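Peer 1: Contents of entry.pdb (PDB, C-alpha atoms, pLDDT in the B column) are given next:
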ATOM      1  CA  MET A   1      -2.407  -2.385  15.147  1.00 93.00           C
ATOM      2  CA  ASP A   2      -5.957  -3.500  15.790  1.00 93.00           C
ATOM      3  CA  ALA A   3      -8.210  -2.789  18.766  1.00 93.00           C
ATOM      4  CA  GLN A   4      -7.099  -6.059  20.426  1.00 93.00           C
ATOM      5  CA  GLY A   5      -3.460  -4.970  20.380  1.00 92.00           C
ATOM      6  CA  ARG A   6      -2.296  -7.247  17.559  1.00 93.00           C
ATOM      7  CA  ILE A   7       0.235  -5.783  15.156  1.00 93.00           C
ATOM      8  CA  GLY A   8      -0.215  -6.963  11.605  1.00 93.00           C
ATOM      9  CA  GLU A   9       0.838  -6.253   8.055  1.00 92.00           C
ATOM     10  CA  PHE A  10      -1.829  -5.008   5.684  1.00 94.00           C
ATOM     11  CA  ARG A  11      -2.582  -7.781   3.181  1.00 95.00           C
ATOM     12  CA  GLY A  12      -5.529  -6.298   1.306  1.00 96.00           C
ATOM     13  CA  GLU A  13      -9.079  -5.038   1.422  1.00 96.00           C
ATOM     14  CA  TRP A  14     -12.313  -6.861   0.730  1.00 94.00           C
ATOM     15  CA  CYS A  15     -15.821  -5.390   1.115  1.00 94.00           C
ATOM     16  CA  GLY A  16     -14.509  -2.543   3.256  1.00 94.00           C
ATOM     17  CA  ALA A  17     -12.658  -4.800   5.724  1.00 96.00           C
ATOM     18  CA  TRP A  18      -8.895  -4.965   5.931  1.00 96.00           C
ATOM     19  CA  SER A  19      -7.007  -8.222   6.047  1.00 96.00           C
ATOM     20  CA  LEU A  20      -4.004  -8.266   8.392  1.00 96.00           C
ATOM     21  CA  ARG A  21      -1.398 -10.905   9.213  1.00 94.00           C
ATOM     22  CA  ARG A  22       1.145 -11.002  12.030  1.00 90.00           C
ATOM     23  CA  VAL A  23       4.623  -9.979  10.929  1.00 85.00           C
ATOM     24  CA  THR A  24       5.923 -13.407  11.965  1.00 85.00           C
ATOM     25  CA  GLY A  25       3.397 -15.128   9.702  1.00 84.00           C
ATOM     26  CA  GLY A  26       0.315 -17.109  10.504  1.00 87.00           C
ATOM     27  CA  THR A  27      -3.370 -16.827   9.800  1.00 92.00           C
ATOM     28  CA  GLU A  28      -4.795 -13.590   8.471  1.00 95.00           C
ATOM     29  CA  TRP A  29      -7.667 -11.853  10.219  1.00 96.00           C
ATOM     30  CA  THR A  30     -10.060  -9.124   9.133  1.00 96.00           C
ATOM     31  CA  VAL A  31     -10.645  -5.839  10.871  1.00 97.00           C
ATOM     32  CA  SER A  32     -12.562  -2.643  10.165  1.00 96.00           C
ATOM     33  CA  PRO A  33     -10.240   0.195   9.120  1.00 96.00           C
ATOM     34  CA  GLU A  34     -11.653   2.435  11.871  1.00 95.00           C
ATOM     35  CA  ASP A  35     -10.565  -0.162  14.470  1.00 95.00           C
ATOM     36  CA  THR A  36      -6.893   0.192  13.568  1.00 95.00           C
ATOM     37  CA  ARG A  37      -4.133   2.629  14.373  1.00 95.00           C
ATOM     38  CA  PRO A  38      -0.434   2.826  13.591  1.00 93.00           C
ATOM     39  CA  PRO A  39       1.804   1.112  16.149  1.00 93.00           C
ATOM     40  CA  THR A  40       4.074   3.216  18.336  1.00 94.00           C
ATOM     41  CA  PRO A  41       7.771   3.219  17.407  1.00 95.00           C
ATOM     42  CA  GLU A  42       8.439   0.807  20.300  1.00 96.00           C
ATOM     43  CA  GLN A  43       5.695  -1.587  19.189  1.00 94.00           C
ATOM     44  CA  ARG A  44       6.954  -1.469  15.619  1.00 92.00           C
ATOM     45  CA  LEU A  45      10.518  -2.236  16.746  1.00 94.00           C
ATOM     46  CA  ARG A  46       9.287  -5.212  18.788  1.00 93.00           C
ATOM     47  CA  ALA A  47       7.392  -6.570  15.791  1.00 92.00           C
ATOM     48  CA  GLU A  48      10.394  -6.135  13.492  1.00 92.00           C
ATOM     49  CA  THR A  49      12.644  -7.862  16.053  1.00 94.00           C
ATOM     50  CA  ALA A  50      10.180 -10.742  16.336  1.00 91.00           C
ATOM     51  CA  ARG A  51      10.237 -11.107  12.538  1.00 90.00           C
ATOM     52  CA  ALA A  52      14.044 -11.106  12.443  1.00 92.00           C
ATOM     53  CA  ASN A  53      14.194 -13.723  15.209  1.00 93.00           C
ATOM     54  CA  ALA A  54      11.620 -15.939  13.477  1.00 90.00           C
ATOM     55  CA  ARG A  55      13.538 -15.635  10.216  1.00 90.00           C
ATOM     56  CA  SER A  56      16.821 -16.585  11.899  1.00 92.00           C
ATOM     57  CA  ARG A  57      15.129 -19.716  13.334  1.00 91.00           C
ATOM     58  CA  GLY A  58      13.867 -20.625   9.849  1.00 88.00           C
ATOM     59  CA  GLU A  59      10.207 -20.176  10.777  1.00 85.00           C
ATOM     60  CA  ILE A  60       9.506 -17.658   7.991  1.00 76.00           C
ATOM     61  CA  LEU A  61      11.191 -16.836   4.707  1.00 63.00           C
TER      62      LEU A  61
END
Can you dump the structure from the file as structure tokens?

Peer 2:
Amino acid sequence: MDAQGRIGEFRGEWCGAWSLRRVTGGTEWTVSPEDTRPPTPEQRLRAETARANARSRGEIL
């Protein structure tokens, strides 16, 4: 989770910045590692539910 409240999957690191992408897909964004924190269990569950719903609608593979 970044400082703006977005939950993303870690996609990689480049020049000290992390690349994240929403769990439902979309454009990646970069963030400093010190500006991130793990999501709470509730936030993680919401993100996983959003991914499952998007997958069931055929929006992501």

Peer 1: May I ask for the distance between CA of Ser19 (chain A) and CA of Gly58 (chain A), given in Å to one decimal place?

Peer 2: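 Between these atoms lies a distance of 24.6 Å.
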
Peer 1: Mind giving me the straight-line distance from CA of Val23 (chain A) to CA of Arg11 (chain A) in Å, one decimal?

Peer 2: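 Separating CA of Val23 (chain A) from CA of Arg11 (chain A) is a distance of 10.8 Å.
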
Peer 1: Env of region 47-56 of chain A: 10 Å cut, atoms = only C-alpha atoms, seq-sep filter 5 positions within chain, self excluded. Answer as a tab-separated table (two decimals) with C-alpha atoms, keeping the file's coordinate frame.

Peer 2:
chain	number	residue	atom	x	y	z
A	6	ARG	CA	-2.30	-7.25	17.56
A	7	ILE	CA	0.24	-5.78	15.16
A	8	GLY	CA	-0.22	-6.96	11.60
A	22	ARG	CA	1.14	-11.00	12.03
A	23	VAL	CA	4.62	-9.98	10.93
A	24	THR	CA	5.92	-13.41	11.96
A	25	GLY	CA	3.40	-15.13	9.70
A	39	PRO	CA	1.80	1.11	16.15
A	41	PRO	CA	7.77	3.22	17.41
A	42	GLU	CA	8.44	0.81	20.30
A	61	LEU	CA	11.19	-16.84	4.71

Peer 1: Can you work out which one of A:Glu59, A:Asp35, A:Thr40, A:Leu45 has the shortest atom-to-atom distance to Asp2 (chain A), counting only C-alpha atoms?

Peer 2: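 Nearest candidate to Asp2 (chain A) out of A:Glu59, A:Asp35, A:Thr40, A:Leu45: A:Asp35.
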
Peer 1: Rounded to one decimal, what separation in Å do you get between CA of Thr30 (chain A) and CA of Ala17 (chain A)?

Peer 2: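 Here the two named atoms are 6.1 Å from each other.
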
Peer 1: Nearest to Pro33 (chain A) among A:Ile60, A:Trp18, A:Met1, A:Glu9, with distances taken over all atoms listed in the file: which residue is it?

Peer 2: A:Trp18

Peer 1: If you take every atom of region 22-32 of chain A that the file lists and fit an axis-aligned box around them with 4 Å extra on each side, what centre and edge lengths come out in Å to one decimal, as JSON?

Peer 2:
{"center_x": -3.3, "center_y": -9.9, "center_z": 10.3, "size_x": 26.5, "size_y": 22.5, "size_z": 11.6}

Peer 1: Between A:Val31, A:Gln4, A:Pro38, A:Arg57, which is the closest to Gly16 (chain A) once you count only C-alpha atoms?

Peer 2: A:Val31
